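Comments concern the structure below.
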2 protein chains.
Amino acid sequence: MDVGALSPAEARARFREGLVTPTSGWSLGYAQANLIIVPKDYAFDVLLFAQRNPKPCPLLGVLDAGETSGPLLEGGDIRTDVPAYTVYEDGDLVDTVTSLEDHWRDDLVTFIVGCSFTFETPLLEAGIPIAHIDQGRNVPMYRTSVRAESAGRMSGPLVVSMRPIPASQVADAVRISARYPAVHGAPVHVGDPGAIGIADLDAPDFGQSVQIPEGTIPVFWACGVTPQAAVMESRPPIAFGHAPGHMLITDAKDSQYAIP
Amino acid sequence: MDVGALSPAEARARFREGLVTPTSGWSLGYAQANLIIVPKDYAFDVLLFAQRNPKPCPLLGVLDAGETSGPLLEGGDIRTDVPAYTVYEDGDLVDTVTSLEDHWRDDLVTFIVGCSFTFETPLLEAGIPIAHIDQGRNVPMYRTSVRAESAGRMSGPLVVSMRPIPASQVADAVRISARYPAVHGAPVHVGDPGAIGIADLDAPDFGQSVQIPEGTIPVFWACGVTPQAAVMESRPPIAFGHAPGHMLITDAKDSQYAIP
């Protein structure tokens with residue numbers, strides 16, 4: 001099966017049928033997205049958190065309370081169409097599941113958040129190597145000592161993804177990713193991990209570690225797992241996310257998020 | 001009094017003391033903003049409306065329920081620091097007042113929305129004439145036949161501001177305003193007013209008409225009055241806005257909303 005050639009609807013159907021796999025490389029050219037799902041009572045705080053933190057939380061769409069489909073997943077079902085979901089109770093990660101059908105409530109509001117996978121294709125096309133792809137791993141993600149802007153009951157650390165970039169290509173990586181503000185945009189930090197509170201690059205908080213190739217420098221982008229970290233700290237009674245690396249594949253083309 | 005040289009805090013103090021005047025030309029270099037203020041019960045719908053309509057509703061900031069000051073108006077008071085406010089009851093404009101102190105409730109949430117005044121300075125600096133400034137008038141604004149994206153109970157028409165631009169400078173006006181996505185960005189329409197449901201340029205729905213200089217073409221930008229038009233259609237029990245042209249003068253510099 002050439003998973004890169006599947007349409008988003010075909011990919012979502014596989015996951016709906018029960019397939020569990022990271023989505024890197026699936027439905028090439030289509031935007032993958034992070035999820036955060038909370039009860040309506042918490043939705044204003046999450047939406048305001050996103051508005052105040054546009055780099056880690058660029059919203060591609062919001063489903064109304066109880067709504068399970070929308071323009072980003074035509075004919076799809078947000079409860080089943082992602083390979084794996086995280087379940088948070090009072091901020092604790094209590095389970096990872098392949099369907100939210102048993103958990104669904106009519107007051108749940110779904111936030112669909114842009115993902116840096118979208119700008120990896122143009123980085124590759126510009127000849128910039130992506131270590132975690134070359135090494136067949138999930139991108140490493142880290143909690144930082146930088147605080148996101150709080151909103152109501154939502155507060156937490158900025159989470160970043162890291163890609164080691166050859167020193168001569170850092171400028172190109174900045175320029176290219178900056179053209180995609182809807183999917184985290186330009187890096188938030190270049191270089192010393194310790195300056196943003198990352199003690200050990202080999203011990204990411206989410207995803208997998210990568211080997212740092214010689215001659216590269218770590219470059220950090222704001223990450224869509226940030227709202228899940230805020231959920232863990234802010235402890236709403238119930239919340240859901242995507243399992244890291246197991247994204248929603250949307251009907252939107254990556255190219256539609258490039259600014260001209 | 002050189003109103004252009006006043007600091008934003010000084011300007012707000014004049015309005016707090018009771019001065020009522022349009023704010024065009026005040027505190028040059030500082031961002032002026034539209035207001036929409038609704039009860040907390042309506043705030044998620046307004047915030048989602050803004051998220052779904054970023055061109056007319058670019059949020060510069062949101063004050064928490066009951067909050068009357070914030071980083072955009074340090075030491076200020078949102079209830080008194082704007083020259084004039086509109087009062088809506090069940091969607092009807094029932095009053096224009098110079099203070100919201102008698103109306104204030106602890107559940108009111110304030111949305112501070114970018115204003116196209118911010119990109120008028122760089123347009124002027126590029127040699128592009130702004131007719132309503134030359135003619136000493138408020139910018140003309142129109143309800144269009146284009147519907148904004150609905151969000152919960154909030155729905156309404158896109159409202160636009162219009163500036164007649166010399167044909168040879170339309171391209172520059174597009175390029176320059178596009179650098180300011182946080183204050184409406186690039187135009188939404190160039191040319192024929194009828195195509196977006198505007199019957200008569202001489203009869204704006206808000207602001208004042210301008211004389212169209214020869215050799216110019218009407219250029220339309222999304223306008224921050226759009227959420228007030230949605231309030232008029234969606235009929236929340238109570239809501240407030242700024243009186244057209246009587247803006248909040250913020251502490252943010254215009255230049256900070258330019259993308260590099």
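By convention here, the chains of the structure tokens are called A, B, ... in the order presented, each chain's residues are numbered starting at 1, and ligands are numbered starting at 1 in the order presented.
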Every residue of range 57-166 of chain A that DSSP places in strand (DSSP E), as a PyMOL selection string: chain A and resi 59-63+85-89+92-97+108-114+141-147+157-166
Interface rows for chain B against chain A: nearest pair, Å to one decimal, 8 Å, only C-alpha atoms, as CSV:
residue,atom,partner,partner_atom,distance
B:Ala43,CA,A:Phe44,CA,7.3
B:Phe44,CA,A:Phe44,CA,5.0
B:Leu47,CA,A:Leu47,CA,7.3
B:Leu48,CA,A:Leu47,CA,7.5
B:Gln51,CA,A:Leu59,CA,7.8
B:Arg52,CA,A:Gly61,CA,7.7
B:Leu59,CA,A:Gln51,CA,7.8
B:Gly61,CA,A:Arg52,CA,7.7
B:Val62,CA,A:Leu48,CA,7.7
B:Asp64,CA,A:Gly152,CA,7.2
B:Gly152,CA,A:Asp64,CA,7.3
Shell of 12 Å around Leu93 in chain A, only C-alpha atoms, local chain residues under 5 positions omitted, as a PyMOL selection string: chain A and resi 85-88+228-229+231-233+235-243
Residue set, range 12-251 of chain B restricted to helix (DSSP H, G or I), as a ChimeraX atom specification: /B:12-16,40-52,71-73,117-125,131-134,167-178,181-183,193-196,226-234
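For the choices B:Ala258, B:Leu248, B:Ala84, B:Leu201, the atom-to-atom distance to Val139 in chain B is smallest for B:Leu201 when using only C-alpha atoms.
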Selection: 9 Å around range 6-22 of chain A, only C-alpha atoms, excl. self and same-chain fewer than 2 positions, as a short mmCIF file (atom, residue, chain, number, x, y, z; two decimals) with C-alpha atoms, in the first residue's frame:
data_model
loop_
_atom_site.label_atom_id
_atom_site.label_comp_id
_atom_site.auth_asym_id
_atom_site.auth_seq_id
_atom_site.Cartn_x
_atom_site.Cartn_y
_atom_site.Cartn_z
CA MET A 1 0.00 0.00 0.00
CA ASP A 2 1.45 3.35 -1.07
CA VAL A 3 0.21 5.34 1.92
CA GLY A 4 1.56 8.58 0.46
CA SER A 24 4.23 10.59 8.80
CA GLY A 25 4.38 10.07 5.03
CA TRP A 26 0.65 9.46 4.61
CA SER A 27 -1.43 11.37 2.01
CA LEU A 28 1.48 13.47 0.84
CA TYR A 30 -2.29 17.17 2.62
CA LEU A 73 -12.74 16.16 7.19
CA GLU A 74 -15.66 15.90 4.76
CA GLY A 75 -17.64 12.73 5.39
CA GLY A 76 -15.31 11.88 8.26
CA ASP A 77 -15.81 11.35 11.97
CA ARG A 79 -14.18 10.26 16.97
CA THR A 80 -12.74 7.46 14.84
CA ASP A 81 -10.63 8.90 12.02
CA VAL A 82 -7.39 9.50 13.92
CA PRO A 83 -5.17 6.44 14.48
CA ALA A 84 -4.84 6.97 18.23
CA THR A 98 -8.21 4.11 18.96
CA SER A 99 -11.72 5.55 19.09
CA ASN A 138 8.94 10.47 15.18
CA ALA A 243 -1.43 10.49 20.27
CA PRO A 244 1.89 12.16 19.35
CA GLY A 245 2.75 11.49 15.70
CA HIS A 246 -0.72 10.00 15.10
CA MET A 247 -2.32 13.00 13.46
CA LEU A 248 -5.62 13.92 11.86
CA ILE A 249 -5.14 13.90 8.08
CA THR A 250 -7.22 16.80 6.77
CA ASP A 251 -8.65 17.54 3.34
CA ALA A 252 -6.68 20.81 3.22
#
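Between Thr216 in chain A and the residues A:Ala126, A:Cys57, A:Cys115, A:Ile165, the shortest atom-to-atom distance, using only C-alpha atoms, involves A:Ile165.
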